[in-house]
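A.B. asks: So I've got this file, target38.txt, and it contains compact mmCIF, C-alpha atoms:
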# COMPACT_ATOMS: atom_id res chain seq x y z
CA MET A 413 13.85 215.17 80.89
CA TRP A 414 17.22 216.48 81.98
CA SER A 415 19.19 218.84 79.84
CA ARG A 416 22.85 218.40 79.01
CA ASP A 417 23.88 220.96 81.61
CA GLY A 418 22.89 218.61 84.41
CA GLY A 419 19.24 219.55 84.41
CA THR A 420 19.74 222.99 85.93
CA ARG A 421 17.19 224.67 83.66
CA VAL A 422 14.53 222.09 84.49
CA GLN A 423 15.42 222.29 88.18
CA GLU A 424 15.21 226.11 88.06
CA ARG A 425 11.73 225.91 86.51
CA ARG A 426 10.61 223.49 89.21
CA ARG A 427 12.00 225.79 91.91
CA GLU A 428 10.19 228.76 90.35
CA ASN A 429 6.92 226.84 90.42
CA ALA A 430 7.46 226.04 94.10
CA GLY A 431 8.14 229.54 95.41
CA ALA A 432 8.11 233.14 94.31
CA LEU A 433 7.25 234.28 90.80
CA PRO A 434 10.18 235.59 88.75
CA CYS A 435 8.39 238.87 88.01
CA ARG A 436 11.47 240.91 87.25
CA ASN A 437 12.89 238.33 84.87
CA ARG A 438 10.43 238.26 81.97
CA GLU A 439 12.29 235.43 80.27
CA ARG A 440 11.96 233.13 83.30
CA LEU A 441 8.35 234.18 83.80
CA GLY A 442 7.67 233.40 80.14
CA ALA A 443 9.26 229.96 80.52
CA LEU A 444 7.11 229.26 83.59
CA LEU A 445 3.95 230.33 81.74
CA GLN A 446 4.93 228.18 78.76
CA ASP A 447 5.44 225.16 81.04
CA LEU A 448 2.02 225.64 82.67
CA GLU A 449 0.10 226.51 79.50
CA PRO A 450 -1.09 222.96 78.59
CA ARG A 451 -2.38 222.30 82.11
CA LEU A 452 -4.08 225.70 82.36
CA THR A 453 -5.60 225.31 78.88
CA ALA A 454 -7.12 222.03 80.03
CA VAL A 455 -8.65 223.86 83.01
CA ALA A 456 -10.12 226.53 80.72
CA LEU A 457 -11.39 223.85 78.32
CA ARG A 458 -13.42 222.26 81.11
CA PHE A 459 -15.30 225.54 81.46
CA THR A 460 -15.57 226.64 77.83
CA ARG A 461 -15.82 223.28 76.03
CA ASP A 462 -14.26 225.04 73.03
CA PRO A 463 -10.51 224.85 72.34
CA GLU A 464 -10.31 228.28 70.72
CA SER A 465 -12.18 229.96 73.58
CA ALA A 466 -10.03 228.07 76.10
CA ARG A 467 -6.87 229.45 74.46
CA ASP A 468 -8.36 232.96 74.58
CA VAL A 469 -9.18 232.54 78.27
CA VAL A 470 -5.63 231.38 79.02
CA GLN A 471 -4.13 234.31 77.09
CA ASN A 472 -6.29 236.77 79.06
CA ALA A 473 -5.23 235.05 82.27
CA PHE A 474 -1.54 235.26 81.29
CA GLU A 475 -1.94 238.98 80.65
CA LYS A 476 -3.32 239.36 84.17
CA VAL A 477 -0.47 237.27 85.60
CA VAL A 478 2.10 239.53 83.93
CA ARG A 479 0.25 242.70 84.95
CA HIS A 480 -0.31 241.63 88.57
CA CYS A 481 2.77 239.48 89.10
CA GLU A 482 4.10 241.78 91.81
CA SER A 483 0.92 241.27 93.87
CA PHE A 484 1.60 237.53 94.23
CA ARG A 485 2.20 237.05 97.97
CA GLY A 486 3.59 233.53 97.85
CA GLY A 487 0.90 232.01 100.08
CA SER A 488 0.50 229.23 97.52
CA LYS A 489 2.43 227.81 94.61
CA PRO A 490 2.50 230.09 91.56
CA SER A 491 0.79 227.34 89.55
CA THR A 492 -2.11 227.32 92.04
CA TRP A 493 -2.38 231.11 91.86
CA MET A 494 -2.42 230.98 88.05
CA HIS A 495 -4.96 228.12 88.09
CA ARG A 496 -7.31 230.34 90.09
CA ILE A 497 -6.80 233.23 87.65
CA VAL A 498 -7.61 230.95 84.70
CA ALA A 499 -10.69 229.61 86.48
CA ASN A 500 -11.88 233.16 87.22
CA GLU A 501 -11.26 234.23 83.61
CA ALA A 502 -13.20 231.21 82.38
CA LEU A 503 -16.10 232.03 84.69
CA MET A 504 -16.13 235.60 83.38
CA TRP A 505 -16.11 234.20 79.82
CA LEU A 506 -19.11 231.99 80.67
CA ARG A 507 -21.00 234.94 82.14
CA SER A 508 -20.36 237.06 79.06
CA GLU A 509 -21.45 234.21 76.80
CA ARG A 510 -24.69 233.85 78.76
CA ARG A 511 -25.32 237.60 78.60
CA ARG A 512 -24.67 237.55 74.88
CA ALA A 513 -27.18 234.70 74.47
CA GLU A 514 -29.79 236.44 76.64
CA ARG A 515 -29.50 239.84 74.97
CA SER A 516 -32.83 240.93 73.67
CA VAL A 517 -33.18 241.44 69.94
CA THR A 518 -35.47 244.02 68.38
CA LEU A 519 -37.63 242.21 65.87
CA GLU A 520 -38.90 243.70 62.66
CA GLU A 521 -41.85 242.11 60.89
CA GLY A 522 -40.72 239.00 59.07
CA ASP A 523 -37.45 238.62 61.03
CA GLU A 524 -36.79 235.16 62.37
CA VAL A 525 -34.63 234.74 65.42
CA ALA A 526 -33.58 231.55 67.15
CA ILE A 527 -34.11 231.96 70.90
CA PRO A 528 -31.65 229.98 73.03
CA ASP A 529 -32.97 227.42 75.49
CA PRO A 530 -32.78 229.01 78.97
CA MET A 531 -32.34 225.59 80.62
CA PRO A 532 -28.67 224.66 81.09
CA ASP A 533 -27.53 221.56 79.26
CA ALA A 534 -26.99 218.23 81.00
CA PRO A 535 -23.15 218.43 81.20
CA GLU A 536 -23.39 221.84 82.86
CA LEU A 537 -25.93 220.54 85.38
CA LEU A 538 -23.70 217.54 86.08
CA GLU A 539 -20.67 219.78 86.58
CA ARG A 540 -22.64 222.02 88.96
CA ALA A 541 -23.67 218.95 90.96
CA ARG A 542 -20.05 217.74 91.13
CA VAL A 543 -18.81 221.14 92.26
CA SER A 544 -21.59 221.36 94.84
CA GLU A 545 -20.66 217.97 96.25
CA ARG A 546 -16.94 218.88 96.38
CA VAL A 547 -17.71 222.12 98.21
CA ARG A 548 -20.01 220.30 100.64
CA ARG A 549 -17.28 217.75 101.41
CA GLY A 550 -14.73 220.56 101.69
CA LEU A 551 -16.93 222.43 104.17
CA GLN A 552 -17.29 219.27 106.26
CA ALA A 553 -13.48 218.98 106.42
CA LEU A 554 -13.14 222.46 107.98
CA ARG A 555 -13.01 223.09 111.71
CA PRO A 556 -16.51 223.80 113.11
CA GLU A 557 -15.85 227.48 113.87
CA GLU A 558 -14.48 228.06 110.35
CA ARG A 559 -17.41 226.23 108.76
CA GLN A 560 -19.85 228.28 110.88
CA VAL A 561 -18.41 231.60 109.65
CA LEU A 562 -18.52 230.53 106.00
CA GLU A 563 -22.02 229.09 106.24
CA ARG A 564 -23.55 232.00 108.11
CA CYS A 565 -21.74 234.91 106.45
CA THR A 566 -21.15 233.66 102.92
CA LEU A 567 -24.05 231.29 102.35
CA ASP A 568 -26.72 232.82 104.62
CA GLY A 569 -25.73 236.41 103.83
CA ARG A 570 -25.20 237.60 107.40
CA SER A 571 -22.72 240.38 108.06
CA TYR A 572 -19.77 239.90 110.38
CA ALA A 573 -21.39 242.39 112.77
CA GLN A 574 -24.60 240.31 112.92
CA LEU A 575 -22.68 237.09 113.51
CA SER A 576 -20.58 238.86 116.12
CA ARG A 577 -23.71 239.83 118.05
CA GLU A 578 -25.00 236.23 117.83
CA THR A 579 -21.77 234.50 118.84
CA GLY A 580 -19.99 237.07 121.00
CA VAL A 581 -16.86 236.85 118.82
CA ARG A 582 -15.37 240.14 117.60
CA PRO A 583 -15.99 240.98 113.89
CA GLU A 584 -12.24 241.21 113.25
CA ALA A 585 -11.75 237.69 114.57
CA LEU A 586 -14.62 236.47 112.41
CA LYS A 587 -13.05 238.07 109.33
CA SER A 588 -9.75 236.34 110.10
CA ARG A 589 -11.54 233.02 110.55
CA ALA A 590 -13.39 233.51 107.27
CA PHE A 591 -10.13 234.31 105.48
CA ARG A 592 -8.42 231.20 106.89
CA ALA A 593 -11.50 229.08 106.15
CA ARG A 594 -11.65 230.25 102.51
CA ARG A 595 -7.94 229.61 102.07
CA ARG A 596 -8.22 226.14 103.66
CA LEU A 597 -11.33 225.33 101.61
CA GLY A 598 -9.44 226.33 98.46
CA GLU A 599 -6.59 224.01 99.40
CA ILE A 600 -9.00 221.17 100.08
CA LEU A 601 -10.75 221.70 96.73
CA MET A 602 -7.41 221.82 94.90
CA GLU A 603 -6.41 218.49 96.50
CA ASP A 604 -9.75 216.89 95.59
Is it possible to give me this structure as structure tokens?
C.D. replies:
Amino acid sequence: MWSRDGGTRVQERRRENAGALPCRNRERLGALLQDLEPRLTAVALRFTRDPESARDVVQNAFEKVVRHCESFRGGSKPSTWMHRIVANEALMWLRSERRRAERSVTLEEGDEVAIPDPMPDAPELLERARVSERVRRGLQALRPEERQVLERCTLDGRSYAQLSRETGVRPEALKSRAFRARRRLGEILMED
């Protein structure tokens, strides 16, 4: 879809999505958000399974993008950064929904209350299994020293100081490895 002016507006939007966010130009930022909205709404819908809630999640994410636009460092594409924000917002929405469902209710005599089933439904269990498998494959794709830091510090709960004593590698170096490993794992999961 090229415009009559030779496609410059479309090309500008593609360039914006490939590099820095146009934080100072609200009009261009708005156009970028509008272009990404259908894709990001689909991401939110996978979490919420409700179109209205998905739109709310995306709106909250867009507010965060506008508020924190200046903090975007350009280490990834803006669309990837926004995808992560939407995913995080959707996860927060899920947590709040679970808390709301688990909230205890004071019962008076004669009150009837439907108590939600504490067992997650089959689609949620299936999604958890898929995510688990993707993360496992992603971890296997990392270099051994990066995988070791993530497994021992993130999954096993060791501190960098403990792992440093075990491996003889300085804690600062382990933190750098963990940062690179998380970033690489994120890239692998986005490609998957």
A.B. asks: Using only C-alpha atoms, which of A:Thr566, A:Ser483, A:Thr492, A:Thr579 sits nearest Leu448 in chain A?
C.D. replies: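 Looking only at the distances to Leu448 in chain A, the closest residue turns out to be A:Thr492.
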A.B. asks: Residues near Arg496 in chain A, anyone? I mean within 10 Å using all atoms listed in the file, not counting same-chain ones fewer than 3 positions away, as a list in words.
C.D. replies: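 Final neighbour list, sorted by chain and number: Leu452, Val455, Ala473, Pro490, Ser491, Thr492, Trp493, Ala499, Asn500, Glu501, Ala502, Gly598 and Met602 of chain A.
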A.B. asks: For Tyr572 in chain A, work out the shell of residues within 12 Å, counting all atoms listed in the file and skipping chain neighbours fewer than 5 positions away, then give it as a PDB file with C-alpha atoms, in the coordinates of the input.
C.D. replies:
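Below you can see result.pdb, which holds the result:
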ATOM      1  CA  GLN A 560     -19.850 228.280 110.880  1.00  0.00           C
ATOM      2  CA  VAL A 561     -18.410 231.600 109.650  1.00  0.00           C
ATOM      3  CA  LEU A 562     -18.520 230.530 106.000  1.00  0.00           C
ATOM      4  CA  GLU A 563     -22.020 229.090 106.240  1.00  0.00           C
ATOM      5  CA  ARG A 564     -23.550 232.000 108.110  1.00  0.00           C
ATOM      6  CA  CYS A 565     -21.740 234.910 106.450  1.00  0.00           C
ATOM      7  CA  THR A 566     -21.150 233.660 102.920  1.00  0.00           C
ATOM      8  CA  ARG A 577     -23.710 239.830 118.050  1.00  0.00           C
ATOM      9  CA  GLU A 578     -25.000 236.230 117.830  1.00  0.00           C
ATOM     10  CA  THR A 579     -21.770 234.500 118.840  1.00  0.00           C
ATOM     11  CA  GLY A 580     -19.990 237.070 121.000  1.00  0.00           C
ATOM     12  CA  VAL A 581     -16.860 236.850 118.820  1.00  0.00           C
ATOM     13  CA  ARG A 582     -15.370 240.140 117.600  1.00  0.00           C
ATOM     14  CA  PRO A 583     -15.990 240.980 113.890  1.00  0.00           C
ATOM     15  CA  GLU A 584     -12.240 241.210 113.250  1.00  0.00           C
ATOM     16  CA  ALA A 585     -11.750 237.690 114.570  1.00  0.00           C
ATOM     17  CA  LEU A 586     -14.620 236.470 112.410  1.00  0.00           C
ATOM     18  CA  LYS A 587     -13.050 238.070 109.330  1.00  0.00           C
ATOM     19  CA  SER A 588      -9.750 236.340 110.100  1.00  0.00           C
ATOM     20  CA  ARG A 589     -11.540 233.020 110.550  1.00  0.00           C
ATOM     21  CA  ALA A 590     -13.390 233.510 107.270  1.00  0.00           C
TER      22      ALA A 590
END
A.B. asks: Go through A:Leu433, A:Gln574, A:Arg549, A:Leu445 one by one, measure the shortest atom-to-atom distance of each to His480 in chain A using all atoms listed in the file, and give the residue with the smallest value.
C.D. replies: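 Once distances to His480 in chain A are computed over all atoms listed in the file, the minimum belongs to A:Leu433.
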A.B. asks: Hey, can you check how far CA of Glu464 in chain A sits from CA of Arg479 in chain A?
C.D. replies: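 Interatomic distance, CA of Glu464 in chain A to CA of Arg479 in chain A: 22.8 Å.
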A.B. asks: What does the distance between CA of Thr453 in chain A and CA of Leu538 in chain A come to in Å, to one decimal place?
C.D. replies: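 A separation of 21.0 Å between them.
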A.B. asks: Would you mind reading off the distance between CA of Leu597 in chain A and CA of Gly550 in chain A, one decimal, in Å?
C.D. replies: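 Atom-to-atom, CA of Leu597 in chain A and CA of Gly550 in chain A are spaced 5.9 Å apart.
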A.B. asks: Choose the residue, out of A:Ala456, A:Ala593, A:Leu441, A:Leu503, that has the smallest atom-to-atom separation from Arg555 in chain A; count only C-alpha atoms.
C.D. replies: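 Distance minimum relative to Arg555 in chain A lands on A:Ala593.
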A.B. asks: Please return as a PyMOL selection string every residue within 8 Å of (-5.0, 227.1, 76.9), taking into account all atoms listed in the file and the file's own coordinates.
C.D. replies: chain A and resi 449-457+463+466-471
A.B. asks: Enclose all atoms of range 592-596 of chain A listed in the file in an axis-aligned box, grow every side by 8 Å, and hand back centre and edge lengths in Å to one decimal, as JSON.
C.D. replies:
{"center_x": -9.8, "center_y": 228.7, "center_z": 104.5, "size_x": 19.7, "size_y": 21.1, "size_z": 20.8}
A.B. asks: So, with all atoms listed in the file as the atoms that count, which of A:Met504, A:Arg542, A:Glu536, A:Ala573 lies closest to Arg461 in chain A?
C.D. replies: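 Closest to Arg461 in chain A of all the choices is A:Glu536.
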A.B. asks: Give the answer as one residue: which of A:Leu601, A:Ala541, A:Ala432, A:Val547 has the shortest atom-to-atom distance to Ser488 in chain A, using all atoms listed in the file?
C.D. replies: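 Closest residue, counting all atoms listed in the file: A:Ala432.
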A.B. asks: Could you check the closest approach to Arg592 in chain A for each of A:Leu567, A:Ile497, A:Gly487, A:Val543 and tell me which residue wins, using all atoms listed in the file?
C.D. replies: A:Gly487
